[in-house]
>>> print(open('entry-v6.txt').read())   # compact mmCIF, C-alpha atoms
# COMPACT_ATOMS: atom_id res chain seq x y z
CA MET A 68 135.45 105.65 31.68
CA THR A 69 132.85 106.67 34.21
CA TYR A 70 129.52 107.66 32.72
CA THR A 71 128.21 111.15 33.48
CA GLN A 72 125.20 112.97 32.16
CA ASN A 73 127.54 115.47 30.47
CA ASN A 74 129.00 112.89 28.10
CA LEU A 75 125.64 111.39 27.04
CA LYS A 76 125.29 112.11 23.34
CA CYS A 77 123.14 109.24 22.13
CA ALA A 78 120.29 107.12 23.48
CA VAL A 79 119.58 103.81 21.74
CA PHE A 80 116.27 102.11 22.45
CA ASP A 81 114.74 98.71 21.91
CA LEU A 82 111.25 99.11 20.42
CA ASP A 83 108.74 96.46 21.54
CA GLY A 84 108.16 96.53 25.27
CA THR A 85 110.44 99.53 25.75
CA LEU A 86 108.90 102.37 23.74
CA ILE A 87 105.65 100.76 22.62
CA ASN A 88 103.29 98.04 23.78
CA THR A 89 102.84 95.68 20.83
CA ILE A 90 102.06 92.46 22.65
CA THR A 91 98.36 92.20 21.80
CA ASP A 92 98.93 92.80 18.08
CA LEU A 93 101.76 90.25 18.06
CA SER A 94 99.69 87.66 19.90
CA ASN A 95 96.70 88.32 17.62
CA ALA A 96 98.88 87.65 14.57
CA CYS A 97 99.98 84.32 16.06
CA LYS A 98 96.39 83.44 16.97
CA PHE A 99 95.30 84.22 13.40
CA VAL A 100 97.83 81.74 12.01
CA MET A 101 96.87 79.12 14.60
CA LYS A 102 93.18 79.46 13.81
CA LYS A 103 93.88 79.27 10.08
CA HIS A 104 95.63 75.93 10.56
CA GLY A 105 93.29 74.49 13.18
CA VAL A 106 95.96 74.52 15.87
CA TRP A 107 95.37 76.12 19.23
CA PHE A 108 97.52 76.77 22.25
CA GLU A 109 95.97 78.66 25.17
CA TRP A 110 98.53 81.42 25.61
CA SER A 111 97.81 84.67 27.43
CA ASP A 112 99.37 88.02 26.55
CA ASP A 113 101.66 87.43 29.54
CA ASP A 114 102.82 84.18 27.91
CA TYR A 115 103.52 86.08 24.69
CA LYS A 116 105.69 88.53 26.64
CA HIS A 117 108.03 85.59 27.25
CA PHE A 118 107.93 84.57 23.57
CA VAL A 119 109.09 87.89 22.12
CA GLY A 120 112.56 89.37 21.96
CA ASN A 121 114.38 87.17 19.47
CA GLY A 122 112.53 88.19 16.32
CA ASN A 123 109.33 87.06 14.65
CA LYS A 124 110.53 83.62 13.63
CA LYS A 125 111.29 82.70 17.25
CA LEU A 126 107.95 84.19 18.30
CA VAL A 127 106.04 81.96 15.88
CA GLU A 128 108.14 78.95 16.85
CA ARG A 129 107.41 79.53 20.54
CA ALA A 130 103.71 80.27 19.96
CA PHE A 131 103.43 76.88 18.24
CA ASN A 132 105.22 75.30 21.21
CA HIS A 133 108.23 74.24 19.10
CA THR A 134 106.08 71.73 17.17
CA LEU A 135 106.67 72.97 13.61
CA SER A 136 109.02 71.59 11.00
CA GLU A 137 111.36 74.15 9.44
CA ASP A 138 109.21 74.28 6.29
CA LYS A 139 105.99 74.84 8.25
CA LEU A 140 107.68 77.37 10.49
CA ASN A 141 108.79 79.41 7.47
CA ALA A 142 105.33 79.17 5.88
CA TYR A 143 103.57 80.17 9.11
CA LEU A 144 106.05 82.99 9.62
CA ALA A 145 105.15 84.36 6.17
CA GLU A 146 101.45 84.24 7.10
CA PHE A 147 102.20 85.90 10.45
CA LEU A 148 104.12 88.71 8.72
CA GLU A 149 101.39 89.23 6.14
CA TYR A 150 98.72 89.52 8.85
CA TYR A 151 100.92 91.68 11.08
CA SER A 152 101.72 94.07 8.22
CA VAL A 153 98.00 94.91 8.05
CA HIS A 154 97.09 94.65 11.76
CA GLY A 155 100.32 95.63 13.52
CA LEU A 156 98.89 98.92 14.77
CA ASP A 157 95.40 97.74 15.75
CA THR A 158 96.09 98.05 19.49
CA THR A 159 99.77 99.09 19.62
CA LYS A 160 100.40 102.24 21.64
CA ALA A 161 103.39 104.16 22.93
CA TYR A 162 103.85 103.81 26.66
CA GLU A 163 102.56 106.77 28.63
CA GLY A 164 105.10 109.58 28.86
CA ILE A 165 107.54 108.13 26.31
CA ALA A 166 106.89 110.72 23.58
CA GLU A 167 107.49 113.54 26.06
CA GLN A 168 110.73 111.97 27.31
CA LEU A 169 111.98 111.52 23.75
CA ARG A 170 111.18 115.17 23.02
CA LEU A 171 113.12 116.26 26.12
CA LEU A 172 116.16 114.21 25.07
CA LYS A 173 116.05 115.75 21.58
CA GLU A 174 115.83 119.23 23.11
CA LYS A 175 119.04 118.46 25.04
CA GLY A 176 120.75 117.61 21.74
CA ILE A 177 120.87 113.88 22.36
CA SER A 178 120.68 111.71 19.25
CA LEU A 179 118.03 109.00 19.34
CA ALA A 180 118.14 105.58 17.71
CA VAL A 181 116.11 102.38 17.75
CA VAL A 182 117.59 98.91 17.38
CA THR A 183 115.00 96.15 17.17
CA ASN A 184 114.67 92.54 16.05
CA LYS A 185 111.50 93.58 14.22
CA THR A 186 111.86 93.84 10.45
CA GLU A 187 113.25 97.23 9.54
CA SER A 188 110.31 98.19 7.32
CA ALA A 189 107.81 97.33 10.08
CA ALA A 190 109.87 99.21 12.66
CA ILE A 191 110.01 102.34 10.51
CA SER A 192 106.25 102.24 9.82
CA ILE A 193 105.36 101.77 13.47
CA ILE A 194 107.79 104.41 14.73
CA GLU A 195 106.56 106.97 12.21
CA ALA A 196 102.94 106.24 13.17
CA MET A 197 103.67 106.47 16.91
CA PHE A 198 106.26 109.26 17.07
CA GLY A 199 106.46 110.95 13.66
CA LYS A 200 109.23 110.89 11.05
CA ASP A 201 111.74 113.16 12.77
CA THR A 202 111.96 111.79 16.30
CA PHE A 203 114.69 109.20 15.69
CA ASP A 204 117.96 109.84 13.92
CA LEU A 205 118.37 106.17 13.03
CA ILE A 206 116.23 103.03 13.02
CA ILE A 207 117.87 99.63 12.66
CA GLY A 208 115.77 96.50 12.31
CA GLN A 209 116.54 93.04 11.00
CA ARG A 210 118.99 93.42 8.13
CA ASP A 211 120.92 90.92 6.06
CA GLY A 212 124.41 90.55 7.45
CA LEU A 213 123.50 91.98 10.86
CA ALA A 214 122.99 89.43 13.62
CA PRO A 215 119.82 90.01 15.68
CA LYS A 216 119.91 90.78 19.38
CA PRO A 217 121.22 89.48 21.71
CA SER A 218 124.18 90.09 19.43
CA PRO A 219 125.42 93.65 20.07
CA ASP A 220 125.99 94.12 16.31
CA GLY A 221 122.92 96.33 15.75
CA ILE A 222 123.64 98.55 18.71
CA LEU A 223 127.28 98.92 17.74
CA ALA A 224 126.26 99.65 14.14
CA ALA A 225 123.88 102.39 15.35
CA VAL A 226 126.50 103.99 17.57
CA ASN A 227 129.06 103.82 14.77
CA GLU A 228 126.68 105.07 12.06
CA LEU A 229 125.75 108.05 14.24
CA GLY A 230 129.44 108.82 14.79
CA PHE A 231 129.71 108.18 18.53
CA ASN A 232 131.72 105.85 20.68
CA SER A 233 130.01 103.52 23.13
CA SER A 234 131.00 105.56 26.20
CA GLU A 235 128.80 108.39 24.88
CA CYS A 236 125.68 106.25 24.51
CA LEU A 237 123.13 104.47 26.66
CA PHE A 238 121.01 101.52 25.57
CA PHE A 239 117.49 101.06 26.93
CA GLY A 240 115.66 97.73 26.74
CA ASP A 241 113.15 95.62 28.59
CA SER A 242 114.18 91.99 28.22
CA ASN A 243 117.00 89.51 28.81
CA VAL A 244 117.71 89.67 25.07
CA ASP A 245 118.29 93.41 25.37
CA MET A 246 120.47 93.12 28.45
CA LEU A 247 122.65 90.50 26.75
CA SER A 248 123.17 92.82 23.76
>>> encode(input="entry-v6.txt", output="structure tokens")
Amino acid sequence: MTYTQNNLKCAVFDLDGTLINTITDLSNACKFVMKKHGVWFEWSDDDYKHFVGNGNKKLVERAFNHTLSEDKLNAYLAEFLEYYSVHGLDTTKAYEGIAEQLRLLKEKGISLAVVTNKTESAAISIIEAMFGKDTFDLIIGQRDGLAPKPSPDGILAAVNELGFNSSECLFFGDSNVDMLS
């Protein structure tokens, strides 16, 4: 089927790097854990942009340069998540013009969804803080039984849950992980 604007009924978005800029808060959470454990890698925010996209566990693993045992990785991930739950909106902002574009899509009757590798509770909190409670029709984050991106499972679940078929939807993302989804 050829896509036309007339059959667009749903827009599905990645969150981090697509709708909002979270990189500084994510890198700060990693730096907090590093400092706590006396480990330091000199990564810039640009480096962290290459670390994100496969969920928080992979982010922490990459930030620690793949040097952690599985037990330490899980412990450091818990510390990362605890810090990020408090400081995840310190510098995070929606990209300029995004809120207006989302509003225009809603006015055209297009359903909006987010599919992210961020935990679902964090995604909901951030989205509500950035865009309000009623902007998105569905938010899907990391869930048990749902493979993270680049698996297309989350996107397909969103499309299905909203009652559309894939030819009626577009997916917007910013990374290789998103494009492989």
>>> atom_distance(input="entry-v6.txt", atom1="atom CA of Glu235 of chain A", atom2="atom CA of Ala78 of chain A")
8.7 Å
>>> residues_around(input="entry-v6.txt", residues="segment 148-151 of chain A", least_positions_apart="2", cutoff="9 Å", atoms="all atoms listed in the file", output="MDAnalysis selection string")
chainID A and resid 92:93 95:97 99:100 123 143:146 153:156 189
>>> closest_residue(input="entry-v6.txt", among="A:Val119, A:Ala166, A:Leu126, A:Val79", to="Phe198 of chain A", atoms="only C-alpha atoms")
A:Ala166
>>> atom_distance(input="entry-v6.txt", atom1="atom CA of Ile207 of chain A", atom2="atom CA of Asn232 of chain A")
17.2 Å
>>> atom_distance(input="entry-v6.txt", atom1="atom CA of Gly105 of chain A", atom2="atom CA of Lys125 of chain A")
20.2 Å
>>> residues_around(input="entry-v6.txt", residues="Ser111 of chain A", least_positions_apart="5", cutoff="12 Å", atoms="all atoms listed in the file", output="list in words")
Ile90, Thr91, Leu93, Ser94, Asn95, Cys97, Lys98, Lys116, His117, Phe118 and Ala130 of chain A
>>> residues_around(input="entry-v6.txt", residues="Asp83 of chain A", least_positions_apart="6", cutoff="12 Å", atoms="only C-alpha atoms", output="number ranges by chain")
A: 89-93, 116, 119-123, 155, 159-162, 181-186, 189-190, 193-194, 208, 239-242, 244-245
>>> residues_around(input="entry-v6.txt", residues="Leu213 of chain A", least_positions_apart="2", cutoff="12 Å", atoms="all atoms listed in the file", output="PyMOL selection string")
chain A and resi 182-184+186-187+207-211+215-225
>>> residues_near_point(input="entry-v6.txt", point="(124.0, 113.3, 24.6)", cutoff="7 Å", atoms="all atoms listed in the file", output="PyMOL selection string")
chain A and resi 74-77+176-178+235
>>> closest_residue(input="entry-v6.txt", among="A:Leu82, A:Leu205, A:Ile87, A:Leu135", to="Ala180 of chain A", atoms="all atoms listed in the file")
A:Leu205
>>> closest_residue(input="entry-v6.txt", among="A:Met101, A:Asp204, A:Leu169, A:Glu174", to="Lys139 of chain A", atoms="all atoms listed in the file")
A:Met101
>>> decode(input="entry-v6.txt", residues="segment 194-218 of chain A", atoms="N, CA, C and O atoms", output="PDB file, in the first residue's frame")
ATOM      1  N   ILE A 194       6.422  12.541  30.261  1.00  0.00           N
ATOM      2  CA  ILE A 194       5.489  13.018  29.233  1.00  0.00           C
ATOM      3  C   ILE A 194       4.430  13.928  29.834  1.00  0.00           C
ATOM      4  O   ILE A 194       4.109  14.982  29.284  1.00  0.00           O
ATOM      5  N   GLU A 195       3.895  13.541  30.991  1.00  0.00           N
ATOM      6  CA  GLU A 195       2.885  14.390  31.628  1.00  0.00           C
ATOM      7  C   GLU A 195       3.473  15.732  32.043  1.00  0.00           C
ATOM      8  O   GLU A 195       2.822  16.768  31.925  1.00  0.00           O
ATOM      9  N   ALA A 196       4.722  15.743  32.514  1.00  0.00           N
ATOM     10  CA  ALA A 196       5.368  16.995  32.896  1.00  0.00           C
ATOM     11  C   ALA A 196       5.653  17.883  31.684  1.00  0.00           C
ATOM     12  O   ALA A 196       5.522  19.103  31.758  1.00  0.00           O
ATOM     13  N   MET A 197       6.029  17.265  30.576  1.00  0.00           N
ATOM     14  CA  MET A 197       6.405  18.026  29.378  1.00  0.00           C
ATOM     15  C   MET A 197       5.204  18.445  28.529  1.00  0.00           C
ATOM     16  O   MET A 197       5.190  19.535  27.972  1.00  0.00           O
ATOM     17  N   PHE A 198       4.205  17.555  28.413  1.00  0.00           N
ATOM     18  CA  PHE A 198       3.127  17.769  27.446  1.00  0.00           C
ATOM     19  C   PHE A 198       1.722  17.718  28.035  1.00  0.00           C
ATOM     20  O   PHE A 198       0.755  17.933  27.315  1.00  0.00           O
ATOM     21  N   GLY A 199       1.587  17.397  29.311  1.00  0.00           N
ATOM     22  CA  GLY A 199       0.274  17.260  29.921  1.00  0.00           C
ATOM     23  C   GLY A 199      -0.230  15.829  29.830  1.00  0.00           C
ATOM     24  O   GLY A 199       0.368  14.983  29.169  1.00  0.00           O
ATOM     25  N   LYS A 200      -1.349  15.571  30.495  1.00  0.00           N
ATOM     26  CA  LYS A 200      -1.882  14.205  30.581  1.00  0.00           C
ATOM     27  C   LYS A 200      -2.643  13.762  29.347  1.00  0.00           C
ATOM     28  O   LYS A 200      -2.800  12.579  29.109  1.00  0.00           O
ATOM     29  N   ASP A 201      -3.153  14.670  28.548  1.00  0.00           N
ATOM     30  CA  ASP A 201      -4.068  14.303  27.476  1.00  0.00           C
ATOM     31  C   ASP A 201      -3.473  14.377  26.072  1.00  0.00           C
ATOM     32  O   ASP A 201      -4.200  14.217  25.100  1.00  0.00           O
ATOM     33  N   THR A 202      -2.187  14.601  25.959  1.00  0.00           N
ATOM     34  CA  THR A 202      -1.597  14.727  24.627  1.00  0.00           C
ATOM     35  C   THR A 202      -1.513  13.381  23.921  1.00  0.00           C
ATOM     36  O   THR A 202      -1.857  13.263  22.747  1.00  0.00           O
ATOM     37  N   PHE A 203      -1.064  12.356  24.634  1.00  0.00           N
ATOM     38  CA  PHE A 203      -0.861  11.042  24.015  1.00  0.00           C
ATOM     39  C   PHE A 203      -1.984  10.084  24.388  1.00  0.00           C
ATOM     40  O   PHE A 203      -2.425  10.042  25.527  1.00  0.00           O
ATOM     41  N   ASP A 204      -2.403   9.319  23.413  1.00  0.00           N
ATOM     42  CA  ASP A 204      -3.455   8.331  23.611  1.00  0.00           C
ATOM     43  C   ASP A 204      -2.918   7.059  24.257  1.00  0.00           C
ATOM     44  O   ASP A 204      -3.676   6.312  24.873  1.00  0.00           O
ATOM     45  N   LEU A 205      -1.614   6.827  24.113  1.00  0.00           N
ATOM     46  CA  LEU A 205      -1.002   5.617  24.645  1.00  0.00           C
ATOM     47  C   LEU A 205       0.486   5.847  24.850  1.00  0.00           C
ATOM     48  O   LEU A 205       1.126   6.476  24.004  1.00  0.00           O
ATOM     49  N   ILE A 206       1.002   5.353  25.966  1.00  0.00           N
ATOM     50  CA  ILE A 206       2.434   5.401  26.256  1.00  0.00           C
ATOM     51  C   ILE A 206       2.868   3.986  26.613  1.00  0.00           C
ATOM     52  O   ILE A 206       2.319   3.379  27.533  1.00  0.00           O
ATOM     53  N   ILE A 207       3.837   3.479  25.868  1.00  0.00           N
ATOM     54  CA  ILE A 207       4.378   2.150  26.141  1.00  0.00           C
ATOM     55  C   ILE A 207       5.864   2.289  26.435  1.00  0.00           C
ATOM     56  O   ILE A 207       6.629   2.792  25.610  1.00  0.00           O
ATOM     57  N   GLY A 208       6.246   1.847  27.624  1.00  0.00           N
ATOM     58  CA  GLY A 208       7.648   1.799  28.008  1.00  0.00           C
ATOM     59  C   GLY A 208       8.039   0.351  28.222  1.00  0.00           C
ATOM     60  O   GLY A 208       7.333  -0.564  27.803  1.00  0.00           O
ATOM     61  N   GLN A 209       9.183   0.148  28.889  1.00  0.00           N
ATOM     62  CA  GLN A 209       9.610  -1.221  29.165  1.00  0.00           C
ATOM     63  C   GLN A 209       8.544  -1.919  29.987  1.00  0.00           C
ATOM     64  O   GLN A 209       8.101  -1.412  31.008  1.00  0.00           O
ATOM     65  N   ARG A 210       8.131  -3.079  29.493  1.00  0.00           N
ATOM     66  CA  ARG A 210       7.118  -3.907  30.148  1.00  0.00           C
ATOM     67  C   ARG A 210       7.601  -5.345  30.145  1.00  0.00           C
ATOM     68  O   ARG A 210       8.248  -5.779  29.191  1.00  0.00           O
ATOM     69  N   ASP A 211       7.216  -6.082  31.175  1.00  0.00           N
ATOM     70  CA  ASP A 211       7.509  -7.517  31.176  1.00  0.00           C
ATOM     71  C   ASP A 211       6.808  -8.156  29.989  1.00  0.00           C
ATOM     72  O   ASP A 211       5.647  -7.848  29.695  1.00  0.00           O
ATOM     73  N   GLY A 212       7.512  -9.030  29.301  1.00  0.00           N
ATOM     74  CA  GLY A 212       6.941  -9.746  28.180  1.00  0.00           C
ATOM     75  C   GLY A 212       6.958  -8.987  26.869  1.00  0.00           C
ATOM     76  O   GLY A 212       6.489  -9.487  25.855  1.00  0.00           O
ATOM     77  N   LEU A 213       7.476  -7.768  26.868  1.00  0.00           N
ATOM     78  CA  LEU A 213       7.543  -6.966  25.649  1.00  0.00           C
ATOM     79  C   LEU A 213       9.007  -6.640  25.388  1.00  0.00           C
ATOM     80  O   LEU A 213       9.639  -5.942  26.175  1.00  0.00           O
ATOM     81  N   ALA A 214       9.546  -7.173  24.317  1.00  0.00           N
ATOM     82  CA  ALA A 214      10.960  -6.963  23.998  1.00  0.00           C
ATOM     83  C   ALA A 214      11.219  -5.487  23.706  1.00  0.00           C
ATOM     84  O   ALA A 214      10.408  -4.832  23.044  1.00  0.00           O
ATOM     85  N   PRO A 215      12.326  -4.944  24.206  1.00  0.00           N
ATOM     86  CA  PRO A 215      12.644  -3.531  23.936  1.00  0.00           C
ATOM     87  C   PRO A 215      13.058  -3.321  22.482  1.00  0.00           C
ATOM     88  O   PRO A 215      13.418  -4.272  21.778  1.00  0.00           O
ATOM     89  N   LYS A 216      12.984  -2.066  22.041  1.00  0.00           N
ATOM     90  CA  LYS A 216      13.485  -1.741  20.712  1.00  0.00           C
ATOM     91  C   LYS A 216      14.968  -2.102  20.675  1.00  0.00           C
ATOM     92  O   LYS A 216      15.635  -1.949  21.670  1.00  0.00           O
ATOM     93  N   PRO A 217      15.481  -2.648  19.607  1.00  0.00           N
ATOM     94  CA  PRO A 217      14.963  -2.533  18.253  1.00  0.00           C
ATOM     95  C   PRO A 217      13.882  -3.534  17.865  1.00  0.00           C
ATOM     96  O   PRO A 217      13.441  -3.530  16.718  1.00  0.00           O
ATOM     97  N   SER A 218      13.436  -4.380  18.771  1.00  0.00           N
ATOM     98  CA  SER A 218      12.305  -5.236  18.446  1.00  0.00           C
ATOM     99  C   SER A 218      11.108  -4.334  18.104  1.00  0.00           C
ATOM    100  O   SER A 218      10.859  -3.341  18.784  1.00  0.00           O
TER     101      SER A 218
END
